[in-house]
Amino acid sequence: MVTQRILVVDDDREVVRLMRAYLEQAGYEVLVAYEGETAVHTLRREKPDLILLDLMLPGMDGWQITRLMRSDTALAAIPIIMLTARVEDTDKIVGLEMGADDYVTKPYNPREVVARVRARLRAPGVQEPQMLRAGELEMDLGRREVRVKGDLADLTPTEFNLLRVLMEQAGYVFTRAELIRKGLGTDYEGLERTLDSHMRNLRRKIEPDPRDPTYIQTVYGVGYRLEIRK
């Protein structure tokens with residue numbers, strides 16, 4: 001079995017040392033960087049399976065690295081978990097709208113971070129490639145690709161997982177808590193607006209008109225459902 005690799009980026013060397021110890025104990029290979037430029041070089045050279053990314057870095061900061069990753073096809077599929085001392089919900093939402101998959105505020109329990117890493121990298125069971133369809137929306141589970149009218153949609157891993165949950169039970173109304181648990185693999189107590197940010201991003205990428213969605217319908221006071229389209 002191939003060992004999954006995590007890139008930890010933080011200018012606090014004690015934080016890096018601690019997270020490295022916990023991640024290695026959990027069976028991961030750990031790469032490290034203490035500033036943004038080194039992190040980008042490591043990302044491009046090593047293509048890790050996930051990055052733990054501090055926002056407040058010298059030189060190129062975490063926001064810039066996130067933008068770069070999500071605009072680079074070679075890096076766009078790498079999950080990003082942001083680590084930061086900034087606790088305002090607006091900061092979290094901005095980070096997620098930029099393409100981060102998760103957000104952990106300092107001080108945090110390293111075991112919680114490891115659990116979130118596991119949730120992001122949990123390997124699915126071996127299966128034959130499957131296709132999910134809803135109207136002109138197609139999802140290839142084997143290739144982890146989504147196409148709209150035949151054109152490839154550039155989804156983050158989190159957006160793909162959320163859409164998969166909706167497409168697998170098209171027509172079913174998911175509460176926000178259900179979508180968070182099933183699509184994100186963890187509990188986000190008090191951060192339901194995080195889910196709404198992901199859904200806005202997803203609509204922007206798959207809907208003909210995100211302001212008047214064809215596929216992802218909001219069920220006010222409850223959550224979301226995928227409209228069944230023939």
# chains A, B, ... in the order shown; residues from 1 in each chain; ligands from 1
call {"tool": "residues_around", "arguments": {"residues": "A:Ile81", "least_positions_apart": "4", "cutoff": "6 Å", "atoms": "only C-alpha atoms", "output": "PyMOL selection string"}}
result
chain A and resi 52+101-103
call {"tool": "select_by_dssp", "arguments": {"residues": "chain A", "states": "helix (DSSP H, G or I)", "output": "number ranges by chain"}}
result
A: 13-25, 36-46, 62-71, 89-98, 110-121, 157-168, 176-184, 192-206
call {"tool": "atom_distance", "arguments": {"atom1": "atom CA of A:Tyr22", "atom2": "atom CA of A:Thr194"}}
result
26.6 Å
call {"tool": "closest_residue", "arguments": {"among": "A:Ile65, A:Leu50, A:Ala100, A:Met82", "to": "A:Leu121", "atoms": "only C-alpha atoms"}}
result
A:Leu50
call {"tool": "decode", "arguments": {"residues": "stretch 71-216 of chain A", "atoms": "C-alpha atoms", "output": "PDB file, in the first residue's frame"}}
result
ATOM      1  CA  SER A  71      -5.840  27.795 -10.791  1.00  0.00           C
ATOM      2  CA  ASP A  72      -3.150  25.205 -11.602  1.00  0.00           C
ATOM      3  CA  THR A  73      -4.543  22.014 -13.155  1.00  0.00           C
ATOM      4  CA  ALA A  74      -1.611  19.992 -11.806  1.00  0.00           C
ATOM      5  CA  LEU A  75      -2.379  21.054  -8.209  1.00  0.00           C
ATOM      6  CA  ALA A  76      -6.109  21.774  -8.225  1.00  0.00           C
ATOM      7  CA  ALA A  77      -7.196  18.335  -6.955  1.00  0.00           C
ATOM      8  CA  ILE A  78      -4.997  18.416  -3.831  1.00  0.00           C
ATOM      9  CA  PRO A  79      -7.192  18.909  -0.732  1.00  0.00           C
ATOM     10  CA  ILE A  80      -6.374  21.981   1.379  1.00  0.00           C
ATOM     11  CA  ILE A  81      -6.948  22.179   5.134  1.00  0.00           C
ATOM     12  CA  MET A  82      -6.275  25.702   6.362  1.00  0.00           C
ATOM     13  CA  LEU A  83      -4.691  26.253   9.779  1.00  0.00           C
ATOM     14  CA  THR A  84      -4.990  29.711  11.267  1.00  0.00           C
ATOM     15  CA  ALA A  85      -5.393  31.757  14.426  1.00  0.00           C
ATOM     16  CA  ARG A  86      -8.103  33.864  12.748  1.00  0.00           C
ATOM     17  CA  VAL A  87     -11.455  32.782  14.145  1.00  0.00           C
ATOM     18  CA  GLU A  88     -13.995  35.054  12.448  1.00  0.00           C
ATOM     19  CA  ASP A  89     -16.605  33.194  10.393  1.00  0.00           C
ATOM     20  CA  THR A  90     -16.035  35.628   7.514  1.00  0.00           C
ATOM     21  CA  ASP A  91     -12.380  34.545   7.294  1.00  0.00           C
ATOM     22  CA  LYS A  92     -13.423  30.900   7.191  1.00  0.00           C
ATOM     23  CA  ILE A  93     -16.018  31.507   4.513  1.00  0.00           C
ATOM     24  CA  VAL A  94     -13.594  33.504   2.350  1.00  0.00           C
ATOM     25  CA  GLY A  95     -11.028  30.714   2.634  1.00  0.00           C
ATOM     26  CA  LEU A  96     -13.556  28.080   1.642  1.00  0.00           C
ATOM     27  CA  GLU A  97     -14.875  30.167  -1.228  1.00  0.00           C
ATOM     28  CA  MET A  98     -11.312  30.426  -2.514  1.00  0.00           C
ATOM     29  CA  GLY A  99     -11.186  26.629  -2.679  1.00  0.00           C
ATOM     30  CA  ALA A 100     -10.036  25.345   0.724  1.00  0.00           C
ATOM     31  CA  ASP A 101     -11.662  22.061   1.756  1.00  0.00           C
ATOM     32  CA  ASP A 102     -11.541  22.505   5.527  1.00  0.00           C
ATOM     33  CA  TYR A 103     -10.555  25.088   8.128  1.00  0.00           C
ATOM     34  CA  VAL A 104      -9.103  24.556  11.620  1.00  0.00           C
ATOM     35  CA  THR A 105      -8.473  27.410  14.056  1.00  0.00           C
ATOM     36  CA  LYS A 106      -5.595  27.582  16.506  1.00  0.00           C
ATOM     37  CA  PRO A 107      -5.112  26.402  19.152  1.00  0.00           C
ATOM     38  CA  TYR A 108      -6.295  23.008  17.975  1.00  0.00           C
ATOM     39  CA  ASN A 109      -6.010  19.416  19.092  1.00  0.00           C
ATOM     40  CA  PRO A 110      -3.548  17.632  16.756  1.00  0.00           C
ATOM     41  CA  ARG A 111      -5.703  14.504  17.001  1.00  0.00           C
ATOM     42  CA  GLU A 112      -8.627  16.455  15.540  1.00  0.00           C
ATOM     43  CA  VAL A 113      -6.443  17.591  12.638  1.00  0.00           C
ATOM     44  CA  VAL A 114      -5.349  14.000  11.996  1.00  0.00           C
ATOM     45  CA  ALA A 115      -9.011  12.925  12.043  1.00  0.00           C
ATOM     46  CA  ARG A 116      -9.850  15.581   9.454  1.00  0.00           C
ATOM     47  CA  VAL A 117      -6.911  14.498   7.302  1.00  0.00           C
ATOM     48  CA  ARG A 118      -8.159  10.902   7.483  1.00  0.00           C
ATOM     49  CA  ALA A 119     -11.660  12.007   6.485  1.00  0.00           C
ATOM     50  CA  ARG A 120     -10.280  13.823   3.431  1.00  0.00           C
ATOM     51  CA  LEU A 121      -8.067  10.927   2.351  1.00  0.00           C
ATOM     52  CA  ARG A 122     -10.264   7.999   3.240  1.00  0.00           C
ATOM     53  CA  ALA A 123      -9.802   5.565   0.379  1.00  0.00           C
ATOM     54  CA  PRO A 124     -13.042   4.317  -1.193  1.00  0.00           C
ATOM     55  CA  GLY A 125     -13.559   0.600  -1.671  1.00  0.00           C
ATOM     56  CA  VAL A 126     -12.298  -0.879  -4.915  1.00  0.00           C
ATOM     57  CA  GLN A 127     -15.077  -0.760  -7.479  1.00  0.00           C
ATOM     58  CA  GLU A 128     -15.678  -0.572 -11.186  1.00  0.00           C
ATOM     59  CA  PRO A 129     -16.029   2.944 -12.550  1.00  0.00           C
ATOM     60  CA  GLN A 130     -19.610   4.120 -12.304  1.00  0.00           C
ATOM     61  CA  MET A 131     -21.523   6.947 -13.915  1.00  0.00           C
ATOM     62  CA  LEU A 132     -24.132   9.147 -12.272  1.00  0.00           C
ATOM     63  CA  ARG A 133     -26.346  11.298 -14.483  1.00  0.00           C
ATOM     64  CA  ALA A 134     -28.848  14.081 -13.983  1.00  0.00           C
ATOM     65  CA  GLY A 135     -29.927  15.751 -17.204  1.00  0.00           C
ATOM     66  CA  GLU A 136     -26.793  17.088 -18.900  1.00  0.00           C
ATOM     67  CA  LEU A 137     -24.769  16.590 -15.718  1.00  0.00           C
ATOM     68  CA  GLU A 138     -22.525  13.496 -15.662  1.00  0.00           C
ATOM     69  CA  MET A 139     -20.241  12.203 -12.890  1.00  0.00           C
ATOM     70  CA  ASP A 140     -17.641   9.520 -13.532  1.00  0.00           C
ATOM     71  CA  LEU A 141     -16.882   8.032 -10.116  1.00  0.00           C
ATOM     72  CA  GLY A 142     -13.904   6.051 -11.365  1.00  0.00           C
ATOM     73  CA  ARG A 143     -12.164   9.054 -12.913  1.00  0.00           C
ATOM     74  CA  ARG A 144     -13.589  11.500 -10.353  1.00  0.00           C
ATOM     75  CA  GLU A 145     -14.698  13.757 -13.185  1.00  0.00           C
ATOM     76  CA  VAL A 146     -17.820  15.835 -13.664  1.00  0.00           C
ATOM     77  CA  ARG A 147     -18.990  17.051 -17.050  1.00  0.00           C
ATOM     78  CA  VAL A 148     -21.718  19.509 -17.955  1.00  0.00           C
ATOM     79  CA  LYS A 149     -22.918  19.189 -21.559  1.00  0.00           C
ATOM     80  CA  GLY A 150     -19.715  17.243 -22.188  1.00  0.00           C
ATOM     81  CA  ASP A 151     -17.429  19.955 -20.810  1.00  0.00           C
ATOM     82  CA  LEU A 152     -15.225  19.111 -17.833  1.00  0.00           C
ATOM     83  CA  ALA A 153     -16.124  21.019 -14.644  1.00  0.00           C
ATOM     84  CA  ASP A 154     -13.117  21.966 -12.520  1.00  0.00           C
ATOM     85  CA  LEU A 155     -14.340  20.897  -9.059  1.00  0.00           C
ATOM     86  CA  THR A 156     -12.379  20.790  -5.834  1.00  0.00           C
ATOM     87  CA  PRO A 157     -12.405  17.444  -3.942  1.00  0.00           C
ATOM     88  CA  THR A 158     -14.977  18.830  -1.490  1.00  0.00           C
ATOM     89  CA  GLU A 159     -17.249  20.077  -4.262  1.00  0.00           C
ATOM     90  CA  PHE A 160     -17.030  16.689  -5.980  1.00  0.00           C
ATOM     91  CA  ASN A 161     -17.931  14.845  -2.764  1.00  0.00           C
ATOM     92  CA  LEU A 162     -20.911  17.095  -2.056  1.00  0.00           C
ATOM     93  CA  LEU A 163     -22.224  16.741  -5.598  1.00  0.00           C
ATOM     94  CA  ARG A 164     -21.767  12.977  -5.442  1.00  0.00           C
ATOM     95  CA  VAL A 165     -23.921  12.757  -2.312  1.00  0.00           C
ATOM     96  CA  LEU A 166     -26.649  14.804  -3.992  1.00  0.00           C
ATOM     97  CA  MET A 167     -26.505  12.849  -7.262  1.00  0.00           C
ATOM     98  CA  GLU A 168     -26.554   9.450  -5.569  1.00  0.00           C
ATOM     99  CA  GLN A 169     -29.903  10.321  -3.998  1.00  0.00           C
ATOM    100  CA  ALA A 170     -31.368  12.740  -6.512  1.00  0.00           C
ATOM    101  CA  GLY A 171     -34.650  14.193  -5.304  1.00  0.00           C
ATOM    102  CA  TYR A 172     -33.899  13.534  -1.639  1.00  0.00           C
ATOM    103  CA  VAL A 173     -33.826  16.615   0.584  1.00  0.00           C
ATOM    104  CA  PHE A 174     -30.610  16.630   2.623  1.00  0.00           C
ATOM    105  CA  THR A 175     -30.413  18.711   5.752  1.00  0.00           C
ATOM    106  CA  ARG A 176     -27.274  20.806   6.047  1.00  0.00           C
ATOM    107  CA  ALA A 177     -26.071  18.538   8.855  1.00  0.00           C
ATOM    108  CA  GLU A 178     -26.509  15.446   6.649  1.00  0.00           C
ATOM    109  CA  LEU A 179     -24.614  17.006   3.755  1.00  0.00           C
ATOM    110  CA  ILE A 180     -21.808  18.129   6.038  1.00  0.00           C
ATOM    111  CA  ARG A 181     -21.493  14.666   7.536  1.00  0.00           C
ATOM    112  CA  LYS A 182     -21.850  12.670   4.313  1.00  0.00           C
ATOM    113  CA  GLY A 183     -20.088  15.025   1.917  1.00  0.00           C
ATOM    114  CA  LEU A 184     -17.346  16.431   4.118  1.00  0.00           C
ATOM    115  CA  GLY A 185     -16.772  13.406   6.334  1.00  0.00           C
ATOM    116  CA  THR A 186     -16.800  15.323   9.586  1.00  0.00           C
ATOM    117  CA  ASP A 187     -18.978  17.498  11.787  1.00  0.00           C
ATOM    118  CA  TYR A 188     -18.874  21.291  11.475  1.00  0.00           C
ATOM    119  CA  GLU A 189     -20.834  22.347  14.511  1.00  0.00           C
ATOM    120  CA  GLY A 190     -22.025  25.914  14.065  1.00  0.00           C
ATOM    121  CA  LEU A 191     -20.469  26.301  10.595  1.00  0.00           C
ATOM    122  CA  GLU A 192     -23.383  25.632   8.279  1.00  0.00           C
ATOM    123  CA  ARG A 193     -22.490  28.783   6.340  1.00  0.00           C
ATOM    124  CA  THR A 194     -19.346  26.897   5.341  1.00  0.00           C
ATOM    125  CA  LEU A 195     -21.560  24.454   3.460  1.00  0.00           C
ATOM    126  CA  ASP A 196     -23.438  27.309   1.805  1.00  0.00           C
ATOM    127  CA  SER A 197     -20.118  28.698   0.521  1.00  0.00           C
ATOM    128  CA  HIS A 198     -19.241  25.350  -1.047  1.00  0.00           C
ATOM    129  CA  MET A 199     -22.691  25.131  -2.640  1.00  0.00           C
ATOM    130  CA  ARG A 200     -22.362  28.628  -4.141  1.00  0.00           C
ATOM    131  CA  ASN A 201     -19.022  27.618  -5.662  1.00  0.00           C
ATOM    132  CA  LEU A 202     -20.503  24.379  -6.963  1.00  0.00           C
ATOM    133  CA  ARG A 203     -23.463  26.137  -8.564  1.00  0.00           C
ATOM    134  CA  ARG A 204     -21.128  28.599 -10.245  1.00  0.00           C
ATOM    135  CA  LYS A 205     -19.313  25.692 -11.894  1.00  0.00           C
ATOM    136  CA  ILE A 206     -22.204  23.432 -12.969  1.00  0.00           C
ATOM    137  CA  GLU A 207     -25.324  25.564 -13.326  1.00  0.00           C
ATOM    138  CA  PRO A 208     -26.309  27.275 -16.599  1.00  0.00           C
ATOM    139  CA  ASP A 209     -27.467  30.202 -14.425  1.00  0.00           C
ATOM    140  CA  PRO A 210     -26.256  30.042 -10.789  1.00  0.00           C
ATOM    141  CA  ARG A 211     -28.843  32.663  -9.801  1.00  0.00           C
ATOM    142  CA  ASP A 212     -31.650  30.404 -11.049  1.00  0.00           C
ATOM    143  CA  PRO A 213     -30.296  26.877 -10.404  1.00  0.00           C
ATOM    144  CA  THR A 214     -31.344  23.991 -12.608  1.00  0.00           C
ATOM    145  CA  TYR A 215     -29.818  21.206 -10.533  1.00  0.00           C
ATOM    146  CA  ILE A 216     -29.025  22.148  -6.929  1.00  0.00           C
TER     147      ILE A 216
END
